[in-house]
Every structure is written in structure tokens, then in C-alpha cells.
$ cat structure.cif   # mmCIF, C-alpha atoms and all ligand atoms
data_coords
loop_
_atom_site.label_atom_id
_atom_site.label_comp_id
_atom_site.auth_asym_id
_atom_site.auth_seq_id
_atom_site.Cartn_x
_atom_site.Cartn_y
_atom_site.Cartn_z
CA MET L 1 76.13 115.96 126.16
CA ILE L 2 78.60 113.13 125.88
CA ALA L 3 78.71 111.70 122.36
CA ILE L 4 80.48 108.35 122.07
CA ALA L 5 81.42 107.80 118.43
CA GLU L 6 80.30 104.36 117.20
CA ARG L 7 82.11 103.96 113.88
CA ILE L 8 85.33 102.14 114.92
CA ASN L 9 83.52 98.84 115.22
CA GLY L 10 84.36 95.59 113.44
CA MET L 11 80.64 95.32 112.67
CA PHE L 12 81.37 97.71 109.78
CA LYS L 13 82.97 96.10 106.74
CA ASP L 14 85.68 98.76 106.21
CA VAL L 15 86.82 98.49 109.84
CA ARG L 16 86.72 94.70 109.79
CA GLN L 17 88.90 94.73 106.65
CA ALA L 18 91.27 97.35 108.13
CA ILE L 19 91.79 95.16 111.22
CA ALA L 20 92.54 92.13 109.03
CA ASP L 21 95.00 94.12 106.84
CA LYS L 22 96.47 96.26 109.68
CA ASN L 23 95.50 99.26 107.56
CA LYS L 24 96.10 102.22 109.89
CA LYS L 25 94.84 104.85 107.48
CA VAL L 26 91.19 103.70 107.51
CA ILE L 27 91.11 103.70 111.33
CA GLN L 28 93.01 106.97 111.75
CA ASP L 29 90.74 108.78 109.25
CA LEU L 30 87.68 107.64 111.21
CA ALA L 31 89.33 108.66 114.48
CA ARG L 32 90.16 112.17 113.19
CA ARG L 33 86.76 112.76 111.58
CA GLN L 34 84.83 111.60 114.66
CA ALA L 35 87.00 113.69 117.01
CA GLU L 36 86.47 116.71 114.76
CA ALA L 37 82.67 116.13 114.80
CA GLY L 38 82.54 116.51 118.59
CA ALA L 39 83.00 113.01 120.04
CA ALA L 40 83.78 112.95 123.78
CA TYR L 41 84.89 109.31 123.44
CA LEU L 42 85.67 107.04 120.52
CA ASP L 43 84.11 103.61 120.94
CA VAL L 44 86.51 100.81 119.99
CA ASN L 45 84.98 97.43 119.21
CA VAL L 46 86.96 94.75 117.37
CA GLY L 47 83.79 92.96 116.28
CA THR L 48 83.32 89.23 116.26
CA ALA L 49 85.27 88.40 113.09
CA ALA L 50 88.75 89.31 114.35
CA ARG L 51 90.65 86.07 115.04
CA ASP L 52 92.89 87.51 117.75
CA GLN L 53 90.56 89.87 119.62
CA THR L 54 93.02 91.01 122.30
CA GLY L 55 95.68 91.69 119.66
CA ALA L 56 93.16 93.58 117.51
CA MET L 57 92.07 95.71 120.49
CA LYS L 58 95.67 96.66 121.30
CA TRP L 59 96.39 97.51 117.67
CA LEU L 60 93.25 99.67 117.39
CA VAL L 61 93.97 101.57 120.62
CA GLU L 62 97.59 102.27 119.63
CA THR L 63 96.63 103.22 116.09
CA ILE L 64 93.98 105.70 117.26
CA GLN L 65 96.20 107.24 119.95
CA GLU L 66 98.81 108.08 117.31
CA VAL L 67 96.47 110.69 115.79
CA VAL L 68 93.90 111.94 118.35
CA LYS L 69 93.77 112.78 122.06
CA THR L 70 90.08 111.84 122.43
CA PRO L 71 89.59 109.29 125.23
CA LEU L 72 88.43 105.82 124.24
CA ALA L 73 85.45 103.64 125.14
CA LEU L 74 86.71 100.05 125.12
CA ASP L 75 83.74 98.03 123.86
CA SER L 76 83.73 94.27 124.37
CA GLN L 77 81.74 91.64 126.23
CA LYS L 78 85.04 89.94 127.06
CA LEU L 79 86.99 91.11 130.08
CA GLU L 80 90.30 89.94 128.57
CA VAL L 81 89.72 92.17 125.51
CA ILE L 82 88.97 95.18 127.75
CA LYS L 83 92.12 94.46 129.76
CA ALA L 84 94.20 94.29 126.59
CA GLY L 85 92.96 97.78 125.64
CA LEU L 86 93.64 99.07 129.15
CA GLU L 87 97.24 97.85 128.94
CA VAL L 88 98.02 100.20 126.07
CA ALA L 89 95.60 103.09 126.73
CA ASP L 90 97.53 106.31 127.49
CA LYS L 91 94.71 107.97 129.49
CA PRO L 92 91.64 106.94 131.54
CA VAL L 93 89.03 105.11 129.48
CA LEU L 94 85.34 104.37 129.54
CA ILE L 95 84.80 100.61 129.83
CA ASN L 96 81.87 99.39 127.69
CA SER L 97 80.24 97.40 129.23
CA CYS L 98 79.21 95.33 132.26
CA GLN L 99 75.93 93.60 133.04
CA ALA L 100 74.00 94.26 136.27
CA ASP L 101 75.22 91.06 137.88
CA PRO L 102 76.67 91.57 141.42
CA GLU L 103 79.75 89.40 140.81
CA LYS L 104 80.56 90.97 137.47
CA LEU L 105 80.05 94.45 138.91
CA ASP L 106 82.55 93.61 141.70
CA THR L 107 85.15 92.67 139.10
CA TYR L 108 84.54 95.68 136.82
CA PHE L 109 84.26 98.32 139.56
CA ALA L 110 87.54 97.04 141.11
CA LEU L 111 89.13 97.44 137.68
CA CYS L 112 87.67 100.96 137.38
CA SER L 113 89.15 101.97 140.73
CA GLU L 114 92.55 100.59 139.75
CA LYS L 115 92.58 102.31 136.34
CA ASN L 116 90.56 105.46 137.15
CA ALA L 117 88.14 104.32 134.47
CA SER L 118 84.45 105.04 133.98
CA LEU L 119 82.00 102.22 133.27
CA ILE L 120 78.91 101.69 131.14
CA CYS L 121 76.56 99.34 133.01
CA LEU L 122 73.72 97.65 131.20
CA THR L 123 70.35 97.26 132.91
CA MET L 124 70.36 93.62 131.86
CA ASP L 125 71.40 90.66 133.99
CA LYS L 126 72.03 86.93 133.60
CA GLU L 127 68.46 86.46 132.48
CA GLY L 128 69.00 88.68 129.46
CA VAL L 129 67.53 92.01 128.35
CA SER L 130 64.74 92.93 130.74
CA GLN L 131 61.83 94.24 128.73
CA ASP L 132 59.91 96.11 131.41
CA VAL L 133 60.42 99.20 133.56
CA ALA L 134 60.59 97.52 136.99
CA LYS L 135 63.29 94.99 136.15
CA ARG L 136 65.44 97.63 134.48
CA LEU L 137 65.10 99.87 137.57
CA ASP L 138 66.00 96.97 139.91
CA ASN L 139 69.14 96.44 137.87
CA ALA L 140 69.96 100.16 137.89
CA MET L 141 69.72 100.14 141.70
CA THR L 142 72.02 97.09 141.91
CA ILE L 143 74.54 99.03 139.78
CA LEU L 144 74.41 102.18 141.93
CA THR L 145 74.66 100.21 145.18
CA LYS L 146 77.68 98.26 143.94
CA ALA L 147 79.37 101.44 142.74
CA GLN L 148 78.99 102.94 146.19
CA GLU L 149 80.47 99.81 147.82
CA HIS L 150 83.52 100.22 145.60
CA ASN L 151 83.76 103.99 146.12
CA VAL L 152 83.36 104.63 142.41
CA PRO L 153 82.04 108.20 142.00
CA VAL L 154 78.63 108.48 140.35
CA GLU L 155 80.16 110.72 137.64
CA HIS L 156 82.06 107.63 136.46
CA ILE L 157 78.92 105.58 135.94
CA PHE L 158 76.95 105.42 132.71
CA ILE L 159 73.72 103.43 132.84
CA ASP L 160 72.47 101.96 129.55
CA PRO L 161 68.80 100.94 129.56
CA ILE L 162 69.38 98.87 126.35
CA PHE L 163 67.70 99.97 123.18
CA LEU L 164 66.09 97.31 121.00
CA PRO L 165 65.21 97.89 117.34
CA VAL L 166 61.83 99.59 117.00
CA ASN L 167 60.74 96.96 114.47
CA VAL L 168 61.37 94.24 117.06
CA ASP L 169 59.25 95.75 119.85
CA GLN L 170 57.55 99.04 119.22
CA ARG L 171 56.53 99.51 122.87
CA GLN L 172 60.14 99.82 124.00
CA PRO L 173 60.89 103.51 123.32
CA LYS L 174 58.05 104.67 125.57
CA ILE L 175 59.11 102.24 128.30
CA ILE L 176 62.66 103.57 128.07
CA LEU L 177 61.49 107.17 128.46
CA GLU L 178 60.01 106.13 131.81
CA VAL L 179 63.17 104.22 132.78
CA ILE L 180 65.38 107.24 132.07
CA GLN L 181 63.20 109.55 134.17
CA GLN L 182 63.20 107.10 137.09
CA ILE L 183 66.96 106.44 137.01
CA ARG L 184 67.56 110.20 137.19
CA LEU L 185 65.74 110.21 140.54
CA MET L 186 67.80 107.41 142.09
CA SER L 187 70.76 109.54 143.14
CA ASP L 188 71.78 113.17 143.39
CA PRO L 189 73.78 113.87 141.32
CA PRO L 190 72.36 111.23 138.97
CA PRO L 191 74.55 108.82 137.01
CA HIS L 192 75.09 109.46 133.31
CA ILE L 193 72.56 107.76 131.09
CA THR L 194 73.70 106.45 127.72
CA CYS L 195 72.47 104.10 124.98
CA GLY L 196 73.38 102.46 121.70
CA LEU L 197 71.29 104.94 119.72
CA SER L 198 71.66 103.28 116.30
CA ASN L 199 70.26 100.03 117.73
CA ILE L 200 66.81 101.60 117.68
CA SER L 201 66.72 101.90 113.89
CA GLN L 202 68.53 98.68 112.96
CA GLY L 203 66.78 97.05 110.04
CA ALA L 204 64.38 100.00 109.61
CA ALA L 205 63.94 102.49 106.78
CA ASN L 206 64.63 106.20 107.50
CA ARG L 207 67.36 105.33 109.98
CA SER L 208 68.80 108.80 110.38
CA LEU L 209 65.36 110.36 110.95
CA ILE L 210 64.47 107.74 113.58
CA ASN L 211 67.83 108.21 115.33
CA ARG L 212 67.61 111.97 115.53
CA THR L 213 64.00 111.99 116.67
CA ALA L 214 64.89 109.43 119.35
CA VAL L 215 67.90 111.36 120.63
CA VAL L 216 65.77 114.49 121.09
CA MET L 217 63.06 112.57 122.97
CA PHE L 218 65.49 110.74 125.24
CA ALA L 219 67.58 113.86 125.88
CA ALA L 220 64.40 115.60 127.06
CA ALA L 221 63.80 112.71 129.49
CA GLY L 222 67.33 113.12 130.92
CA MET L 223 69.65 110.99 128.78
CA ASP L 224 72.95 112.89 128.58
CA SER L 225 75.06 110.52 126.49
CA ALA L 226 74.76 108.21 123.48
CA ILE L 227 76.90 105.86 121.45
CA CYS L 228 75.97 107.18 118.04
CA ASP L 229 77.00 108.18 114.54
CA VAL L 230 78.66 111.54 115.24
CA LEU L 231 79.38 111.86 111.51
CA ASP L 232 75.61 112.27 110.97
CA LYS L 233 75.55 116.08 111.13
CA GLU L 234 71.76 116.31 111.23
CA LEU L 235 71.74 113.98 114.23
CA MET L 236 74.36 116.03 116.10
CA ASP L 237 72.61 119.31 115.21
CA ALA L 238 69.26 117.98 116.48
CA TRP L 239 70.84 116.80 119.74
CA ILE L 240 72.65 120.10 120.27
CA THR L 241 69.42 121.97 119.55
CA ALA L 242 67.56 119.84 122.11
CA GLU L 243 70.23 120.67 124.71
CA MET L 244 69.92 124.36 123.87
CA LEU L 245 66.12 124.22 124.20
CA LEU L 246 66.57 122.39 127.53
CA ASN L 247 68.63 125.42 128.60
CA LYS L 248 71.82 123.40 128.93
CA MET L 249 73.64 125.85 126.68
CA ILE L 250 73.21 129.51 125.93
CA TYR L 251 71.53 130.50 122.69
CA SER L 252 73.41 132.58 120.14
CA ASP L 253 72.91 132.65 116.37
CA ASP L 254 76.02 130.48 116.13
CA TYR L 255 75.06 128.03 118.88
CA ILE L 256 75.69 124.89 116.79
CA LYS L 257 79.20 125.96 115.81
CA ALA L 258 79.91 127.01 119.40
CA ALA L 259 78.63 123.69 120.76
CA ILE L 260 80.75 121.56 118.41
CA ALA L 261 83.85 123.63 119.20
CA SER L 262 83.28 123.08 122.92
CA LEU L 263 82.64 119.36 122.46
CA ARG L 264 85.99 118.78 120.69
CA ARG L 265 88.75 117.67 123.02
N1 LIG Z 301 75.11 99.63 124.32
C1 LIG Z 301 76.42 99.70 124.63
N2 LIG Z 301 77.39 99.49 123.72
C2 LIG Z 301 77.07 99.16 122.45
C3 LIG Z 301 75.72 99.08 122.07
C4 LIG Z 301 74.72 99.31 123.04
N3 LIG Z 301 78.05 98.93 121.54
C5 LIG Z 301 77.74 98.45 120.23
C6 LIG Z 301 76.40 98.99 119.76
N4 LIG Z 301 75.40 98.78 120.76
C7 LIG Z 301 76.51 100.47 119.45
N5 LIG Z 301 77.17 100.66 118.20
C8 LIG Z 301 76.53 100.44 117.00
C9 LIG Z 301 77.30 100.51 115.86
C10 LIG Z 301 76.70 100.31 114.64
C11 LIG Z 301 75.35 100.04 114.55
C12 LIG Z 301 74.58 99.98 115.68
C13 LIG Z 301 75.18 100.19 116.93
C14 LIG Z 301 74.73 99.78 113.24
N6 LIG Z 301 75.44 99.15 112.32
C15 LIG Z 301 74.97 98.85 111.00
C16 LIG Z 301 73.78 97.88 111.05
O1 LIG Z 301 73.78 96.97 111.88
O2 LIG Z 301 72.89 98.05 110.24
C17 LIG Z 301 76.10 98.19 110.23
C18 LIG Z 301 76.11 98.69 108.85
C19 LIG Z 301 77.28 98.14 108.08
O3 LIG Z 301 77.60 96.97 108.22
O4 LIG Z 301 77.88 98.91 107.32
O5 LIG Z 301 73.59 100.13 113.03
O6 LIG Z 301 73.50 99.25 122.81
N7 LIG Z 301 76.75 100.02 125.88
#

$ encode --input "structure.cif" --output "C-alpha cells" --more "lines below"
Ligand code: THG
Amino acid sequence: MIAIAERINGMFKDVRQAIADKNKKVIQDLARRQAEAGAAYLDVNVGTAARDQTGAMKWLVETIQEVVKTPLALDSQKLEVIKAGLEVADKPVLINSCQADPEKLDTYFALCSEKNASLICLTMDKEGVSQDVAKRLDNAMTILTKAQEHNVPVEHIFIDPIFLPVNVDQRQPKIILEVIQQIRLMSDPPPHITCGLSNISQGAANRSLINRTAVVMFAAAGMDSAICDVLDKELMDAWITAEMLLNKMIYSDDYIKAAIASLRR
């Protein structure tokens, strides 16, 4: 399981304020706590409020790298902001994200090859978030074909079927279960499958319960990664338990402790 820690995101008030004030402590505390909780990557998103987004990305990357070795997921819709993060990153990153548009994929996969980076590809294209199974699968195939053209190994590809809030369209989770199962069959070995897990409960009550139930369901369908709140211990414990029950790790009475120790980098 590849947990991508979501908390260093300018969407959160404390992070937004820390970026504005250049307050390293807030960011470094979040970096340490998320690394300790078992994050494989720390997502870094400057948010939309930062005036100088490329400058904010560089500052965040440098600030985080001062205290943890965990690799970073550079999260922006803007290529220039991703490139700014890449300039200062001290190890290979996960680029988050690129749409399933052939021209954009050419640009991003070339960048991945140059920087030995991995890439999260969204199953959405120019026309926006596709709501049905078939369109998402078409987009997933475009992604895998383009990756092969650029010689990017499938282990470097994370496909994100795009989670919408359950209170926006309640049919989506079931559709996504189907999408995950089908993407797993597209190549051997399959690409990683990830998601913005917290999206599913945005604006809903019982967020943590919805998130941890969802992660268990999607993990059972073959999702092996998620951008999520790794500081939510019940969420992490449920996900680890699902992986254990799926026989991806060996049971012992201390399996949760053992799993978190092995997830830390
Ligand atoms: N796919 C990919 N990347 C992504 C997303 C995705 N990156 C951003 C986002 N979605 C994943 N990260 C978050 C981070 C926080 C929340 C949701 C997704 C969240 N935030 C609170 C809210 O909106 O209610 C903010 C609370 C606050 O302001 O304190 O839920 O889907 N590839």
C-alpha cells in the first residue's frame, strides 16, 4: 500500500497561513508526523491562494526536505509549478497530476523520463471528469499506451479514476469499483491505482467513517494507493487490516505495528 499524505496543501488554513508567513515549523511538523504515520510520499500542493505559486512550491519542497527523507508528490495543475518543485527536489518525485490528453501526456511522460519521476494520470480529459465506466477506461488505455511510447515503466504510473463527493453523485463509488477492476486487467503487471480519498466525503457528515469504509472497499477491488489523511489512525489501521485480509501481509498479533514500521521510509 502506498499512502500519499494529503495534509501539506494550501487548501488547509494552517498551511495557507504558513506559506504566507514562511513559517517553517508548521510545515516541518506536518512533514514529520505524516512520515512517522507511514506515508510513502508527502503530497505538496501550494493551493490557489499563494500569490507566487512557483516560489511557494520551491519553499515547501526545501522546507520539507530539511527534516524528512520521504519522497514528495508535487501536486499542481500547472506545469510550471511542478517544474519549480522538480528543480529543488533532492530525489525522484511523483508528479501529481496529468490529464488523459495525448499532448499533455507526451509532455509529462518526457519530463518523467528526464527526471526519473513517477506520474499520477487522471482518467479525465479535455471534456472534464468522465462520469461513466467506458470513458474512464478509454482514458486509462490512452495513458498506458502513451507511457509505453515513452518507455515509462508501468511501475511509475498511478492511474486516478477521480473520486467525486458521495453527496454529489451517489452512484459513483460503485462505478469506480468496476473501473478499478477493469484497469487492473489492462496490463501485467498492472499500473498503480490511486485516488483522492478525502474527496469522497467532502461536505458530508461522518467523514472519517466514510473514508475508511471506502478505502477498504477500493483496496479489495485492487486500488493500492491513496492520497489520504495518514494522521487518521483508524483510517490507516482499516487499510492495513484490509491488506492483511487480502493476504498482502502476514498476520501476527502485532501486524498493525509491523505494517507501519515497514511503511516508514
Ligand atoms: N486526485 C489527485 N490529486 C489530488 C486529488 C485527487 N490532490 C488534491 C486532492 N484531490 C487530495 N487532497 C485533499 C486534501 C484535502 C481534502 C480533500 C482532498 C479535504 N479538505 C478539507 C475540505 O475540503 O473539507 C479542508 C478542510 C480545511 O479547510 O481545514 O477534504 O482527487 N491525483

$ atom_distance --input "structure.cif" --atom1 "CA of Leu177 in chain L" --atom2 "atom O4 of ligand LIG 301 (chain Z)"
28.0 Å

$ closest_residue --input "structure.cif" --among "L:Ala242, L:Ile120, L:Leu30, L:Ile157" --to "Pro189 in chain L" --atoms "all atoms listed in the file"
L:Ile157

$ atom_distance --input "structure.cif" --atom1 "CA of Tyr41 in chain L" --atom2 "CA of Glu149 in chain L"
26.5 Å

$ residues_around --input "structure.cif" --residues "Thr48 in chain L" --least-positions-apart "5" --cutoff "10 Å" --atoms "all atoms listed in the file" --output "JSON, numbers by chain"
{"L": [9, 10, 11, 16, 53, 76]}

$ residues_near_point --input "structure.cif" --point "(98.8, 93.8, 114.2)" --cutoff "8 Å" --atoms "only C-alpha atoms" --output "ChimeraX atom specification"
/L:19,22,55-56,59

$ build_atoms --input "structure.cif" --residues "range 126-140 of chain L" --atoms "N, CA, C and O atoms" --output "CSV table (one decimal), in the coordinates of the input"
chain,number,residue,atom,x,y,z
L,126,LYS,N,71.8,88.3,134.1
L,126,LYS,CA,72.0,86.9,133.6
L,126,LYS,C,70.8,86.5,132.8
L,126,LYS,O,71.0,85.7,131.8
L,127,GLU,N,69.7,86.9,133.2
L,127,GLU,CA,68.5,86.5,132.5
L,127,GLU,C,68.2,87.1,131.1
L,127,GLU,O,67.2,86.9,130.5
L,128,GLY,N,69.1,88.1,130.8
L,128,GLY,CA,69.0,88.7,129.5
L,128,GLY,C,68.4,90.1,129.5
L,128,GLY,O,68.4,90.7,130.6
L,129,VAL,N,68.0,90.6,128.4
L,129,VAL,CA,67.5,92.0,128.4
L,129,VAL,C,66.1,92.1,129.0
L,129,VAL,O,65.2,91.4,128.5
L,130,SER,N,66.0,92.8,130.1
L,130,SER,CA,64.7,92.9,130.7
L,130,SER,C,63.9,93.9,129.9
L,130,SER,O,64.3,94.9,129.5
L,131,GLN,N,62.7,93.5,129.7
L,131,GLN,CA,61.8,94.2,128.7
L,131,GLN,C,61.0,95.3,129.4
L,131,GLN,O,60.4,96.1,128.8
L,132,ASP,N,60.8,95.2,130.8
L,132,ASP,CA,59.9,96.1,131.4
L,132,ASP,C,60.6,97.1,132.3
L,132,ASP,O,61.8,97.1,132.5
L,133,VAL,N,59.9,98.1,132.8
L,133,VAL,CA,60.4,99.2,133.6
L,133,VAL,C,61.0,98.7,134.9
L,133,VAL,O,62.2,99.0,135.2
L,134,ALA,N,60.2,97.9,135.6
L,134,ALA,CA,60.6,97.5,137.0
L,134,ALA,C,61.9,96.8,137.0
L,134,ALA,O,62.8,97.0,137.9
L,135,LYS,N,62.1,95.8,136.1
L,135,LYS,CA,63.3,95.0,136.2
L,135,LYS,C,64.5,95.8,135.8
L,135,LYS,O,65.6,95.7,136.4
L,136,ARG,N,64.3,96.7,134.8
L,136,ARG,CA,65.4,97.6,134.5
L,136,ARG,C,65.8,98.5,135.7
L,136,ARG,O,67.0,98.8,135.9
L,137,LEU,N,64.8,99.0,136.4
L,137,LEU,CA,65.1,99.9,137.6
L,137,LEU,C,65.8,99.1,138.7
L,137,LEU,O,66.7,99.6,139.4
L,138,ASP,N,65.3,97.8,138.9
L,138,ASP,CA,66.0,97.0,139.9
L,138,ASP,C,67.5,96.9,139.6
L,138,ASP,O,68.3,97.0,140.4
L,139,ASN,N,67.7,96.6,138.3
L,139,ASN,CA,69.1,96.4,137.9
L,139,ASN,C,69.9,97.7,138.0
L,139,ASN,O,71.1,97.7,138.4
L,140,ALA,N,69.3,98.9,137.7
L,140,ALA,CA,70.0,100.2,137.9
L,140,ALA,C,70.3,100.4,139.4
L,140,ALA,O,71.4,100.9,139.7
